[in-house]
$ cat input-v6.cif   # mmCIF, C-alpha atoms
data_structure
loop_
_atom_site.label_atom_id
_atom_site.label_comp_id
_atom_site.auth_asym_id
_atom_site.auth_seq_id
_atom_site.Cartn_x
_atom_site.Cartn_y
_atom_site.Cartn_z
CA MET A 99 -9.42 2.33 9.55
CA VAL A 100 -9.19 0.27 6.38
CA THR A 101 -11.52 -2.60 5.55
CA ILE A 102 -10.33 -5.38 3.26
CA ALA A 103 -11.60 -8.83 2.32
CA THR A 104 -9.54 -11.69 3.75
CA GLU A 105 -8.79 -13.01 0.26
CA LEU A 106 -7.36 -9.62 -0.76
CA LEU A 107 -5.17 -9.58 2.35
CA VAL A 108 -3.90 -13.05 1.41
CA GLN A 109 -3.25 -11.80 -2.13
CA LEU A 110 -1.34 -8.81 -0.74
CA LYS A 111 0.93 -11.15 1.23
CA LEU A 112 1.50 -13.31 -1.85
CA TYR A 113 2.56 -10.25 -3.86
CA GLY A 114 5.13 -9.47 -1.16
CA GLU A 115 6.45 -13.03 -1.21
CA LYS A 116 6.62 -13.13 -5.01
CA ALA A 117 8.62 -9.89 -5.18
CA PHE A 118 11.08 -10.95 -2.44
CA PRO A 119 13.95 -10.07 -2.06
CA GLU A 120 12.69 -6.82 -3.61
CA GLU A 121 9.76 -4.69 -2.47
CA CYS A 122 6.41 -5.09 -4.16
CA VAL A 123 4.15 -2.10 -4.73
CA GLY A 124 0.59 -1.54 -5.83
CA VAL A 125 -2.56 0.50 -5.68
CA LEU A 126 -5.64 -0.04 -3.51
CA LEU A 127 -8.95 0.65 -5.25
CA GLY A 128 -12.10 1.07 -3.21
CA LYS A 129 -14.47 3.54 -1.62
CA PHE A 130 -14.23 6.09 1.13
CA ASN A 131 -16.94 5.65 3.77
CA ALA A 132 -17.60 7.83 6.80
CA GLU A 133 -15.13 6.09 9.10
CA THR A 134 -13.19 3.72 6.86
CA LYS A 135 -11.74 3.03 3.46
CA VAL A 136 -13.15 -0.14 1.92
CA VAL A 137 -10.73 -1.92 -0.43
CA HIS A 138 -12.38 -3.61 -3.42
CA SER A 139 -9.31 -4.57 -5.45
CA LEU A 140 -5.52 -4.47 -5.65
CA ILE A 141 -3.56 -3.38 -8.68
CA PRO A 142 0.04 -4.60 -8.54
CA VAL A 143 2.48 -2.40 -10.47
CA ALA A 144 6.16 -2.63 -11.30
CA ASN A 145 8.51 -1.24 -8.68
CA PHE A 146 10.07 1.73 -10.47
CA ALA A 147 12.64 2.49 -7.72
CA ILE A 148 16.36 2.30 -8.43
CA SER A 149 16.99 0.31 -5.23
CA ARG A 150 14.00 -2.05 -5.25
CA ARG A 151 15.34 -4.01 -2.26
CA THR A 152 14.87 -1.06 0.10
CA GLU A 153 12.33 1.27 -1.48
CA PHE A 154 9.48 1.53 -3.92
CA ALA A 155 8.27 3.96 -6.56
CA ILE A 156 5.35 3.96 -8.96
CA SER A 157 5.77 5.26 -12.50
CA GLU A 158 3.49 8.03 -13.71
CA THR A 159 2.26 5.68 -16.43
CA ASP A 160 1.24 2.97 -13.93
CA LEU A 161 -0.39 5.53 -11.65
CA LEU A 162 -2.41 6.94 -14.54
CA LYS A 163 -3.48 3.42 -15.59
CA ALA A 164 -4.61 2.68 -12.00
CA GLU A 165 -6.57 5.94 -11.83
CA LYS A 166 -8.27 5.13 -15.16
CA GLU A 167 -9.12 1.62 -13.89
CA ALA A 168 -10.58 3.12 -10.71
CA ALA A 169 -12.76 5.47 -12.78
CA ARG A 170 -13.84 2.59 -15.03
CA GLN A 171 -14.97 0.63 -11.95
CA ASN A 172 -16.52 3.73 -10.31
CA LEU A 173 -13.99 3.39 -7.46
CA ASP A 174 -11.37 5.62 -5.88
CA VAL A 175 -7.67 5.21 -5.24
CA VAL A 176 -7.82 4.67 -1.46
CA GLY A 177 -4.16 3.87 -0.89
CA PHE A 178 -0.89 2.27 -1.89
CA TYR A 179 0.66 -0.93 -0.56
CA HIS A 180 4.23 -2.16 -0.54
CA SER A 181 6.41 -4.71 1.18
CA HIS A 182 9.53 -4.56 3.30
CA ALA A 183 12.00 -7.30 2.43
CA ASP A 184 13.64 -8.77 5.54
CA PHE A 185 12.31 -5.94 7.66
CA GLU A 186 9.31 -5.32 9.87
CA ALA A 187 6.06 -3.68 8.79
CA VAL A 188 6.79 -0.17 10.06
CA ALA A 189 6.64 3.09 8.16
CA SER A 190 10.03 4.42 7.15
CA LYS A 191 10.90 8.11 6.95
CA LYS A 192 10.47 7.95 3.17
CA ASP A 193 7.06 6.27 3.59
CA ARG A 194 6.00 9.17 5.83
CA ASP A 195 7.55 11.85 3.61
CA PHE A 196 5.61 10.77 0.53
CA ALA A 197 2.30 10.01 2.24
CA ILE A 198 -0.87 11.67 0.96
CA PRO A 199 -3.51 12.65 3.53
CA CYS A 200 -6.44 10.27 4.09
CA LEU A 201 -5.01 7.35 2.07
CA SER A 202 -4.06 3.96 3.52
CA TYR A 203 -0.57 2.52 3.28
CA PRO A 204 -0.46 -1.22 4.09
CA ILE A 205 3.06 -2.61 4.50
CA VAL A 206 3.79 -6.34 4.26
CA SER A 207 6.76 -7.61 6.26
CA VAL A 208 8.44 -10.40 4.30
CA LEU A 209 11.15 -12.24 6.23
CA GLY A 210 13.21 -14.83 4.38
CA GLY A 211 10.62 -14.93 1.59
CA LYS A 212 7.61 -15.47 3.90
CA ALA A 213 5.02 -12.77 4.63
CA VAL A 214 4.78 -12.58 8.41
CA ALA A 215 2.77 -9.41 9.09
CA VAL A 216 0.72 -6.67 7.51
CA LYS A 217 0.21 -3.29 9.14
CA SER A 218 -1.47 -0.25 7.63
CA PHE A 219 -0.68 3.40 8.19
CA ALA A 220 -2.50 6.62 7.41
CA PHE A 221 -1.48 10.25 7.31
CA GLU A 222 -4.21 12.54 8.57
CA GLY A 223 -2.66 15.73 7.23
CA GLY A 224 -0.87 18.67 8.70
CA ALA A 225 2.45 20.39 8.10
CA LYS A 226 4.46 17.71 9.87
CA LYS A 227 4.34 14.01 9.09
CA ALA A 228 4.30 13.07 12.77
CA ASN A 229 0.66 12.01 12.54
CA PHE A 230 1.38 9.17 10.09
CA THR A 231 0.13 6.45 12.40
CA GLU A 232 -0.88 2.83 12.34
CA GLU A 233 -4.52 2.28 11.48
CA GLU A 234 -6.76 -0.67 12.19
CA ILE A 235 -7.20 -3.29 9.47
CA VAL A 236 -10.66 -4.87 9.51
CA CYS A 237 -11.00 -8.11 7.54
CA LEU A 238 -14.28 -9.16 5.96
#

$ encode --input "input-v6.cif" --output "structure tokens"
Amino acid sequence: MVTIATELLVQLKLYGEKAFPEECVGVLLGKFNAETKVVHSLIPVANFAISRRTEFAISETDLLKAEKEAARQNLDVVGFYHSHADFEAVASKKDRDFAIPCLSYPIVSVLGGKAVAVKSFAFEGGAKKANFTEEEIVCL
């Protein structure tokens, strides 16, 4: 489960719309609690992928900056978000292949430039990525 303030969820959708027709990408900063990840802030980063319309990548430099910002705020990196341009909010094979255990991966579906859905996924570990499943989003 991932917990996020309503205004951050709105901001996440706006990032997806602004990046359209390409995918947006960013880092979730927050805290790990017993049963949830609580998102405190979003850090948008440049999409470093070659084909930004269908995939995303984060540069090492941007990842290091986000980790330093998390440390400065006494927070953790609790996940990574991205959008799917003109596609539904479902995890692709590449999303699953690059997932890190215990982190949240919200995906914003942006159809025709309008954010229509957000779903989050989490990988709970194991040798196979079959247990990369949708997780509940709780809005504050």

$ closest_residue --input "input-v6.cif" --among "A:Ser202, A:Ser190, A:Ser157, A:Ser207" --to "Val137 (chain A)" --atoms "all atoms listed in the file"
A:Ser202

$ atom_distance --input "input-v6.cif" --atom1 "CA of Lys129 (chain A)" --atom2 "CA of Lys163 (chain A)"
17.8 Å

$ residues_around --input "input-v6.cif" --residues "Tyr179 (chain A)" --least-positions-apart "6" --cutoff "8 Å" --atoms "all atoms listed in the file" --output "ChimeraX atom specification"
/A:122-126,202-206

$ residues_around --input "input-v6.cif" --residues "region 209-217 of chain A" --least-positions-apart "3" --cutoff "10 Å" --atoms "all atoms listed in the file" --output "ChimeraX atom specification"
/A:107-108,110-120,179-189,203-206,232-235

$ atom_distance --input "input-v6.cif" --atom1 "CA of Ile156 (chain A)" --atom2 "CA of Pro142 (chain A)"
10.1 Å

$ residues_around --input "input-v6.cif" --residues "Leu238 (chain A)" --least-positions-apart "2" --cutoff "9 Å" --atoms "only C-alpha atoms" --output "count of residues only"
6

$ closest_residue --input "input-v6.cif" --among "A:Arg170, A:Val176, A:Ile198, A:Glu121" --to "Ile148 (chain A)" --atoms "all atoms listed in the file"
A:Glu121

$ axis_aligned_box --input "input-v6.cif" --around "region 164-167 of chain A" --padding-each-side "5 Å" --output "JSON"
{"center_x": -6.9, "center_y": 3.8, "center_z": -13.5, "size_x": 14.5, "size_y": 14.3, "size_z": 13.3}

$ closest_residue --input "input-v6.cif" --among "A:Phe230, A:Leu127, A:Asp174, A:Ala169" --to "Pro199 (chain A)" --atoms "all atoms listed in the file"
A:Phe230

$ atom_distance --input "input-v6.cif" --atom1 "CA of Asp160 (chain A)" --atom2 "CA of Gln109 (chain A)"
19.4 Å

$ resolve_selection --input "input-v6.cif" --expression "the PyMOL selection byres ((chain A and resi 155) around 6)" --output "number ranges by chain"
A: 145-147, 154, 156

$ closest_residue --input "input-v6.cif" --among "A:Phe178, A:Val100, A:Thr231, A:Leu201" --to "Val136 (chain A)" --atoms "only C-alpha atoms"
A:Val100

$ residues_near_point --input "input-v6.cif" --point "(0.3, 10.7, 3.5)" --cutoff "8 Å" --atoms "only C-alpha atoms" --output "list in words"
Arg194, Asp195, Phe196, Ala197, Ile198, Pro199, Cys200, Leu201, Ala220, Phe221, Glu222, Gly223, Lys227 and Phe230 of chain A

$ decode --input "input-v6.cif" --residues "region 138-174 of chain A" --atoms "N, CA, C and O atoms" --output "PDB file, in the first residue's frame"
ATOM      1  N   HIS A 138       5.930  11.847   0.741  1.00  0.00           N
ATOM      2  CA  HIS A 138       5.973  13.226   1.224  1.00  0.00           C
ATOM      3  C   HIS A 138       6.209  14.227   0.104  1.00  0.00           C
ATOM      4  O   HIS A 138       5.797  15.380   0.203  1.00  0.00           O
ATOM      5  N   SER A 139       6.936  13.796  -0.944  1.00  0.00           N
ATOM      6  CA  SER A 139       7.196  14.717  -2.055  1.00  0.00           C
ATOM      7  C   SER A 139       7.554  13.949  -3.325  1.00  0.00           C
ATOM      8  O   SER A 139       7.915  12.770  -3.267  1.00  0.00           O
ATOM      9  N   LEU A 140       7.418  14.650  -4.436  1.00  0.00           N
ATOM     10  CA  LEU A 140       7.743  14.114  -5.761  1.00  0.00           C
ATOM     11  C   LEU A 140       8.917  14.907  -6.315  1.00  0.00           C
ATOM     12  O   LEU A 140       8.952  16.135  -6.183  1.00  0.00           O
ATOM     13  N   ILE A 141       9.834  14.212  -6.940  1.00  0.00           N
ATOM     14  CA  ILE A 141      10.937  14.892  -7.615  1.00  0.00           C
ATOM     15  C   ILE A 141      10.885  14.516  -9.092  1.00  0.00           C
ATOM     16  O   ILE A 141      11.269  13.398  -9.461  1.00  0.00           O
ATOM     17  N   PRO A 142      10.367  15.405  -9.939  1.00  0.00           N
ATOM     18  CA  PRO A 142      10.369  15.102 -11.371  1.00  0.00           C
ATOM     19  C   PRO A 142      11.800  15.160 -11.898  1.00  0.00           C
ATOM     20  O   PRO A 142      12.599  16.002 -11.462  1.00  0.00           O
ATOM     21  N   VAL A 143      12.134  14.262 -12.801  1.00  0.00           N
ATOM     22  CA  VAL A 143      13.457  14.257 -13.432  1.00  0.00           C
ATOM     23  C   VAL A 143      13.274  14.127 -14.938  1.00  0.00           C
ATOM     24  O   VAL A 143      12.212  13.721 -15.422  1.00  0.00           O
ATOM     25  N   ALA A 144      14.316  14.443 -15.673  1.00  0.00           N
ATOM     26  CA  ALA A 144      14.266  14.319 -17.128  1.00  0.00           C
ATOM     27  C   ALA A 144      14.204  12.844 -17.517  1.00  0.00           C
ATOM     28  O   ALA A 144      14.840  12.002 -16.887  1.00  0.00           O
ATOM     29  N   ASN A 145      13.412  12.569 -18.530  1.00  0.00           N
ATOM     30  CA  ASN A 145      13.334  11.210 -19.055  1.00  0.00           C
ATOM     31  C   ASN A 145      14.565  10.991 -19.930  1.00  0.00           C
ATOM     32  O   ASN A 145      14.729  11.612 -20.968  1.00  0.00           O
ATOM     33  N   PHE A 146      15.422  10.089 -19.491  1.00  0.00           N
ATOM     34  CA  PHE A 146      16.720   9.847 -20.108  1.00  0.00           C
ATOM     35  C   PHE A 146      16.652   8.765 -21.189  1.00  0.00           C
ATOM     36  O   PHE A 146      17.649   8.445 -21.822  1.00  0.00           O
ATOM     37  N   ALA A 147      15.460   8.185 -21.404  1.00  0.00           N
ATOM     38  CA  ALA A 147      15.308   7.088 -22.375  1.00  0.00           C
ATOM     39  C   ALA A 147      15.479   7.589 -23.803  1.00  0.00           C
ATOM     40  O   ALA A 147      15.184   8.743 -24.112  1.00  0.00           O
ATOM     41  N   ILE A 148      15.921   6.708 -24.668  1.00  0.00           N
ATOM     42  CA  ILE A 148      16.058   7.045 -26.086  1.00  0.00           C
ATOM     43  C   ILE A 148      14.680   7.228 -26.715  1.00  0.00           C
ATOM     44  O   ILE A 148      14.439   8.173 -27.449  1.00  0.00           O
ATOM     45  N   SER A 149      13.756   6.317 -26.408  1.00  0.00           N
ATOM     46  CA  SER A 149      12.393   6.388 -26.942  1.00  0.00           C
ATOM     47  C   SER A 149      11.450   6.840 -25.838  1.00  0.00           C
ATOM     48  O   SER A 149      10.768   6.036 -25.204  1.00  0.00           O
ATOM     49  N   ARG A 150      11.416   8.137 -25.577  1.00  0.00           N
ATOM     50  CA  ARG A 150      10.653   8.686 -24.452  1.00  0.00           C
ATOM     51  C   ARG A 150       9.143   8.556 -24.609  1.00  0.00           C
ATOM     52  O   ARG A 150       8.403   8.753 -23.666  1.00  0.00           O
ATOM     53  N   ARG A 151       8.673   8.227 -25.797  1.00  0.00           N
ATOM     54  CA  ARG A 151       7.231   8.030 -26.001  1.00  0.00           C
ATOM     55  C   ARG A 151       6.753   6.706 -25.430  1.00  0.00           C
ATOM     56  O   ARG A 151       5.578   6.552 -25.131  1.00  0.00           O
ATOM     57  N   THR A 152       7.653   5.733 -25.299  1.00  0.00           N
ATOM     58  CA  THR A 152       7.234   4.391 -24.882  1.00  0.00           C
ATOM     59  C   THR A 152       8.010   3.833 -23.705  1.00  0.00           C
ATOM     60  O   THR A 152       7.754   2.715 -23.282  1.00  0.00           O
ATOM     61  N   GLU A 153       8.956   4.580 -23.182  1.00  0.00           N
ATOM     62  CA  GLU A 153       9.705   4.083 -22.025  1.00  0.00           C
ATOM     63  C   GLU A 153      10.316   5.239 -21.257  1.00  0.00           C
ATOM     64  O   GLU A 153      10.301   6.385 -21.707  1.00  0.00           O
ATOM     65  N   PHE A 154      10.857   4.911 -20.094  1.00  0.00           N
ATOM     66  CA  PHE A 154      11.503   5.934 -19.287  1.00  0.00           C
ATOM     67  C   PHE A 154      12.823   5.394 -18.749  1.00  0.00           C
ATOM     68  O   PHE A 154      13.028   4.191 -18.647  1.00  0.00           O
ATOM     69  N   ALA A 155      13.697   6.317 -18.417  1.00  0.00           N
ATOM     70  CA  ALA A 155      14.962   5.988 -17.757  1.00  0.00           C
ATOM     71  C   ALA A 155      15.368   7.211 -16.945  1.00  0.00           C
ATOM     72  O   ALA A 155      15.043   8.343 -17.299  1.00  0.00           O
ATOM     73  N   ILE A 156      16.073   6.954 -15.864  1.00  0.00           N
ATOM     74  CA  ILE A 156      16.563   8.023 -14.995  1.00  0.00           C
ATOM     75  C   ILE A 156      18.087   8.005 -15.065  1.00  0.00           C
ATOM     76  O   ILE A 156      18.703   6.947 -14.909  1.00  0.00           O
ATOM     77  N   SER A 157      18.689   9.160 -15.268  1.00  0.00           N
ATOM     78  CA  SER A 157      20.148   9.226 -15.321  1.00  0.00           C
ATOM     79  C   SER A 157      20.725   8.992 -13.928  1.00  0.00           C
ATOM     80  O   SER A 157      20.073   9.247 -12.912  1.00  0.00           O
ATOM     81  N   GLU A 158      21.942   8.512 -13.896  1.00  0.00           N
ATOM     82  CA  GLU A 158      22.631   8.306 -12.617  1.00  0.00           C
ATOM     83  C   GLU A 158      22.753   9.618 -11.855  1.00  0.00           C
ATOM     84  O   GLU A 158      22.615   9.649 -10.631  1.00  0.00           O
ATOM     85  N   THR A 159      22.995  10.698 -12.594  1.00  0.00           N
ATOM     86  CA  THR A 159      23.130  12.013 -11.966  1.00  0.00           C
ATOM     87  C   THR A 159      21.836  12.425 -11.274  1.00  0.00           C
ATOM     88  O   THR A 159      21.861  12.878 -10.119  1.00  0.00           O
ATOM     89  N   ASP A 160      20.694  12.264 -11.967  1.00  0.00           N
ATOM     90  CA  ASP A 160      19.407  12.630 -11.366  1.00  0.00           C
ATOM     91  C   ASP A 160      19.068  11.730 -10.188  1.00  0.00           C
ATOM     92  O   ASP A 160      18.505  12.188  -9.182  1.00  0.00           O
ATOM     93  N   LEU A 161      19.394  10.451 -10.294  1.00  0.00           N
ATOM     94  CA  LEU A 161      19.129   9.535  -9.184  1.00  0.00           C
ATOM     95  C   LEU A 161      19.959   9.924  -7.963  1.00  0.00           C
ATOM     96  O   LEU A 161      19.446   9.969  -6.841  1.00  0.00           O
ATOM     97  N   LEU A 162      21.216  10.243  -8.162  1.00  0.00           N
ATOM     98  CA  LEU A 162      22.070  10.662  -7.059  1.00  0.00           C
ATOM     99  C   LEU A 162      21.561  11.953  -6.421  1.00  0.00           C
ATOM    100  O   LEU A 162      21.525  12.084  -5.188  1.00  0.00           O
ATOM    101  N   LYS A 163      21.116  12.908  -7.252  1.00  0.00           N
ATOM    102  CA  LYS A 163      20.554  14.160  -6.720  1.00  0.00           C
ATOM    103  C   LYS A 163      19.312  13.871  -5.871  1.00  0.00           C
ATOM    104  O   LYS A 163      19.125  14.465  -4.808  1.00  0.00           O
ATOM    105  N   ALA A 164      18.444  12.967  -6.339  1.00  0.00           N
ATOM    106  CA  ALA A 164      17.228  12.626  -5.594  1.00  0.00           C
ATOM    107  C   ALA A 164      17.585  11.953  -4.273  1.00  0.00           C
ATOM    108  O   ALA A 164      16.971  12.242  -3.232  1.00  0.00           O
ATOM    109  N   GLU A 165      18.569  11.065  -4.290  1.00  0.00           N
ATOM    110  CA  GLU A 165      18.985  10.400  -3.051  1.00  0.00           C
ATOM    111  C   GLU A 165      19.574  11.405  -2.062  1.00  0.00           C
ATOM    112  O   GLU A 165      19.320  11.322  -0.862  1.00  0.00           O
ATOM    113  N   LYS A 166      20.335  12.375  -2.555  1.00  0.00           N
ATOM    114  CA  LYS A 166      20.892  13.420  -1.682  1.00  0.00           C
ATOM    115  C   LYS A 166      19.777  14.285  -1.101  1.00  0.00           C
ATOM    116  O   LYS A 166      19.821  14.669   0.076  1.00  0.00           O
ATOM    117  N   GLU A 167      18.763  14.596  -1.925  1.00  0.00           N
ATOM    118  CA  GLU A 167      17.627  15.396  -1.442  1.00  0.00           C
ATOM    119  C   GLU A 167      16.848  14.616  -0.385  1.00  0.00           C
ATOM    120  O   GLU A 167      16.411  15.180   0.619  1.00  0.00           O
ATOM    121  N   ALA A 168      16.685  13.332  -0.597  1.00  0.00           N
ATOM    122  CA  ALA A 168      16.002  12.496   0.409  1.00  0.00           C
ATOM    123  C   ALA A 168      16.772  12.540   1.725  1.00  0.00           C
ATOM    124  O   ALA A 168      16.170  12.727   2.793  1.00  0.00           O
ATOM    125  N   ALA A 169      18.074  12.386   1.670  1.00  0.00           N
ATOM    126  CA  ALA A 169      18.893  12.419   2.891  1.00  0.00           C
ATOM    127  C   ALA A 169      18.794  13.787   3.566  1.00  0.00           C
ATOM    128  O   ALA A 169      18.686  13.873   4.798  1.00  0.00           O
ATOM    129  N   ARG A 170      18.812  14.851   2.759  1.00  0.00           N
ATOM    130  CA  ARG A 170      18.709  16.199   3.316  1.00  0.00           C
ATOM    131  C   ARG A 170      17.405  16.393   4.077  1.00  0.00           C
ATOM    132  O   ARG A 170      17.358  17.050   5.115  1.00  0.00           O
ATOM    133  N   GLN A 171      16.313  15.784   3.568  1.00  0.00           N
ATOM    134  CA  GLN A 171      14.999  15.910   4.198  1.00  0.00           C
ATOM    135  C   GLN A 171      14.731  14.800   5.223  1.00  0.00           C
ATOM    136  O   GLN A 171      13.630  14.718   5.760  1.00  0.00           O
ATOM    137  N   ASN A 172      15.723  13.946   5.468  1.00  0.00           N
ATOM    138  CA  ASN A 172      15.561  12.800   6.366  1.00  0.00           C
ATOM    139  C   ASN A 172      14.417  11.896   5.894  1.00  0.00           C
ATOM    140  O   ASN A 172      13.590  11.437   6.678  1.00  0.00           O
ATOM    141  N   LEU A 173      14.373  11.660   4.567  1.00  0.00           N
ATOM    142  CA  LEU A 173      13.373  10.808   3.948  1.00  0.00           C
ATOM    143  C   LEU A 173      14.076   9.679   3.197  1.00  0.00           C
ATOM    144  O   LEU A 173      15.297   9.638   3.130  1.00  0.00           O
ATOM    145  N   ASP A 174      13.284   8.785   2.653  1.00  0.00           N
ATOM    146  CA  ASP A 174      13.792   7.673   1.856  1.00  0.00           C
ATOM    147  C   ASP A 174      13.253   7.779   0.433  1.00  0.00           C
ATOM    148  O   ASP A 174      12.211   8.391   0.199  1.00  0.00           O
TER     149      ASP A 174
END
